[in-house]
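Student: Can you keep this structure in mind? I'll have questions shortly.
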Amino acid sequence: MYKLLFLGTSAFAVPSLRALKEDGRFEIAGIITQPDKPVGRHATLTPPAVKVAAKELGISEIQQPAKLKEEDFKKWVEDIGPSCDAFVVVSYGKILPSWMLELPKHGIFNVHGSLLPRWRGPSPIQAAILAGDDRTGVTIMKINEKMDEGPILLEEQTAIHPDETGGELHDRLANLGATVLPHTLAAYLDEKLEPKEQNGSKATYCKILTRNDGRLDWAKTADELARMVRAYHPWPGTWTIVNETRLKVVKARAFQYEKLLKPGTPFVHDGLPCIAATSGTALELVEVQPEGKKAMSGNEFLRGMRSFLRN
RNA sequence: CGCGGGAUAGAGCAGUCAGGCAGCUCGCCAGGCCCAUAACCUGGAGGUCGGGGGUUCAAAUCCCCCUCCCGCAA
């Protein structure tokens with residue numbers, strides 16, 4: 001059995017953790033995950049998804065260092081690390097210091113949610129949909145000192161469905177990664193697989209997303225905006241301001257609209273709420289969520305908020 | 001005690017400030033009209049106004065307490 005340490009935090013990592021745990025070839029010696037964090041309106045201290053899953057799987061050795069250079073943690077990992085064959089990192093959320101890379105016998109491995117070197121960075125899933133890519137996938141790579149630049153063990157492709165949201169693709173890639181991770185890692189550790197260096201000249205990059213990135217910019221075309229709504233659902237979500245109130249856009253459809261309206265102007269077309277974009281395009285608001293309200297169809301939104309019609 | 005919005009018919013909302021017949025746009029049911037309808041016309045059913053207490057001749061509306069939902073922020 002290969003001895004592993006698993007580093008992960010969010011839901012994306014859970015299927016991978018589960019797959020390794022349930023595979024007979026590996027032993028999970030411990031978990032490193034982020035500290036419990038205050039979450040939601042009442043700032044309830046909430047454990048990360050990986051911690052919850054680890055407990056379910058009966059893994060008791062769980063480390064949650066706030067900083068990786070913390071004395072106690074460093075001592076712990078330097079003690080256990082060299083006895084491990086490998087570490088596996090899946091959406092852990094912290095950059096590993098170089099001294100950690102040398103600890104396990106055969107290195108540290110990562111599941112990344114894109115076909116590297118395309119979409120290096122922290123939001124590859126949203127980036128792929130936003131860019132209109134028709135294919136994406138997961139990459140199993142060996143971590144080196146540079147972010148997402150390590151040699152590739154395996155890439156598993158999948159088509160992006162035409163209406164697929166970021167959340168849906170996230171879940172599919174999490175599972176896809178989990179199905180290929182155990183045998184890929186085992187093959188490498190068995191010395192049956194030679195990693196390939198990435199072609200850095202083909203690299204593209206994505207940045208970390210915040211809620212502010214979800215503000216719809218009506219100077220773009222409706223097609224771009226519709227892709228953004230799709231890519232950013234449910235995180236970080238997309239929104240705009242209508243009649244001085246914030247309106248989340250959950251689902252939207254782009255269409256051609258020849259009348260000249262200033263970008264950002266709300267109007268009603270075929271009984272549905274729309275907003276003018278640029279280049280003769282407009283976005284139909286299929287499903288929205290006004291602040292303080294639950295999500296509702298565009299139809300329902302119009303029925304109540306008829307001030308939309310004034311514009 | 002982080003800031004804020006909300007709960008009224010099956011859905012989305014107005015009415016609350018300033019107490020006085022429970023409303024609007026839809027949906028639903030029945031009928032009519034039409035070559036036709038997600039159109040139009042007529043009629044109808046459907047409400048403990050989130051819950052509890054208080055003030056009042058009278059409370060969706062004013063006062064106190066509680067529950068639940070949501071936006072922001074972190």
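Chain labels follow the order of the structure tokens: the first chain is A, the next B, and so on; residue numbering restarts at 1 in every chain, and ligands are counted from 1 in their shown order.
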Based on only C-alpha atoms (C1' of nucleotides), which of the residues in chain B come within 8 Å of chain A? I want them as a ChimeraX atom specification.

Tutor: /B:5-6,11-13,25-26,69-71,74

Student: For A45 in chain B, list every protein, DNA or RNA residue within 10 Å, evaluated using only C-alpha atoms (C1' of nucleotides), and leave out those in the same chain fewer than 3 positions away; present the list as number ranges by chain.

Tutor: B: 28-30

Student: Which value, in Å to one decimal, gives the distance between CA of Ser279 in chain A and CA of Asp213 in chain A?

Tutor: 22.1 Å

Student: From the DSSP assignment of the backbone, select every residue of range 159-279 of chain A that is alpha helix (DSSP H), and format the answer as a count of residues only.

Tutor: 34

Student: When you draw a straight line from CA of Gln34 in chain A to CA of Pro47 in chain A, how long is it in Å?

Tutor: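 It comes out at 8.4 Å.
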
Student: CA of Glu71 in chain A to CA of Ala86 in chain A: how many Å, to one decimal?

Tutor: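 Calculated distance between CA of Glu71 in chain A and CA of Ala86 in chain A is 22.1 Å.
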
Student: Check the DSSP output for the backbone and give back, as a ChimeraX atom specification, the residues of range 45-294 of chain A in strand (DSSP E).

Tutor: /A:45-46,62-63,86-90,108-112,135-142,152-159,238-242,245-256,266-269,272-276,281-290

Student: I'd like the contact shell of A60 in chain B - 12 Å cut-off, only C-alpha atoms (C1' of nucleotides), skipping same-chain residues fewer than 5 positions apart - returned as a list of chain:residue names.

Tutor: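 Once the adjacent positions are removed, what remains is B:A7, B:U8, B:A14, B:G15, B:U16, B:G19, B:A22, B:G23, B:G47, B:C49, B:G50.
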
Student: Could you name the residues that touch range 191-196 of chain A at 9 Å or less, counting only C-alpha atoms (C1' of nucleotides), but leaving out those on the same chain fewer than 3 positions away, as number ranges by chain?

Tutor: A: 141-142, 150-154, 184-188

Student: Applying 10 Å and only C-alpha atoms (C1' of nucleotides), which residues near His269 in chain A remain after dropping the ones on its own chain fewer than 6 positions away? List them as number ranges by chain.

Tutor: A: 257, 275, 284

Student: Let me see the file: selected residues, all heavy atoms, as an mmCIF file, in the first residue's frame.

Tutor:
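Resulting contents of again.cif:
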```
data_model
loop_
_atom_site.group_PDB
_atom_site.id
_atom_site.type_symbol
_atom_site.label_atom_id
_atom_site.label_comp_id
_atom_site.auth_asym_id
_atom_site.auth_seq_id
_atom_site.Cartn_x
_atom_site.Cartn_y
_atom_site.Cartn_z
ATOM 1 N N TYR A 257 -31.495 42.131 -30.879
ATOM 2 C CA TYR A 257 -32.550 43.110 -30.663
ATOM 3 C C TYR A 257 -32.149 44.375 -31.401
ATOM 4 O O TYR A 257 -31.211 45.060 -31.024
ATOM 5 C CB TYR A 257 -32.741 43.387 -29.175
ATOM 6 C CG TYR A 257 -33.970 44.176 -28.878
ATOM 7 C CD1 TYR A 257 -35.233 43.585 -29.013
ATOM 8 C CD2 TYR A 257 -33.906 45.506 -28.459
ATOM 9 C CE1 TYR A 257 -36.380 44.297 -28.743
ATOM 10 C CE2 TYR A 257 -35.057 46.223 -28.185
ATOM 11 C CZ TYR A 257 -36.290 45.611 -28.330
ATOM 12 O OH TYR A 257 -37.434 46.315 -28.066
ATOM 13 N N ILE A 275 -32.652 43.189 -20.780
ATOM 14 C CA ILE A 275 -31.780 44.341 -20.634
ATOM 15 C C ILE A 275 -30.916 44.437 -21.878
ATOM 16 O O ILE A 275 -30.373 43.443 -22.361
ATOM 17 C CB ILE A 275 -30.917 44.236 -19.362
ATOM 18 C CG1 ILE A 275 -31.822 44.257 -18.116
ATOM 19 C CG2 ILE A 275 -29.908 45.362 -19.302
ATOM 20 C CD1 ILE A 275 -31.109 44.214 -16.795
ATOM 21 N N GLU A 284 -32.225 38.324 -22.160
ATOM 22 C CA GLU A 284 -33.501 38.046 -21.508
ATOM 23 C C GLU A 284 -33.220 37.458 -20.131
ATOM 24 O O GLU A 284 -32.435 36.528 -19.998
ATOM 25 C CB GLU A 284 -34.304 37.049 -22.343
ATOM 26 C CG GLU A 284 -35.597 36.606 -21.678
ATOM 27 C CD GLU A 284 -36.185 35.379 -22.363
ATOM 28 O OE1 GLU A 284 -36.112 35.305 -23.607
ATOM 29 O OE2 GLU A 284 -36.677 34.487 -21.653
#
```
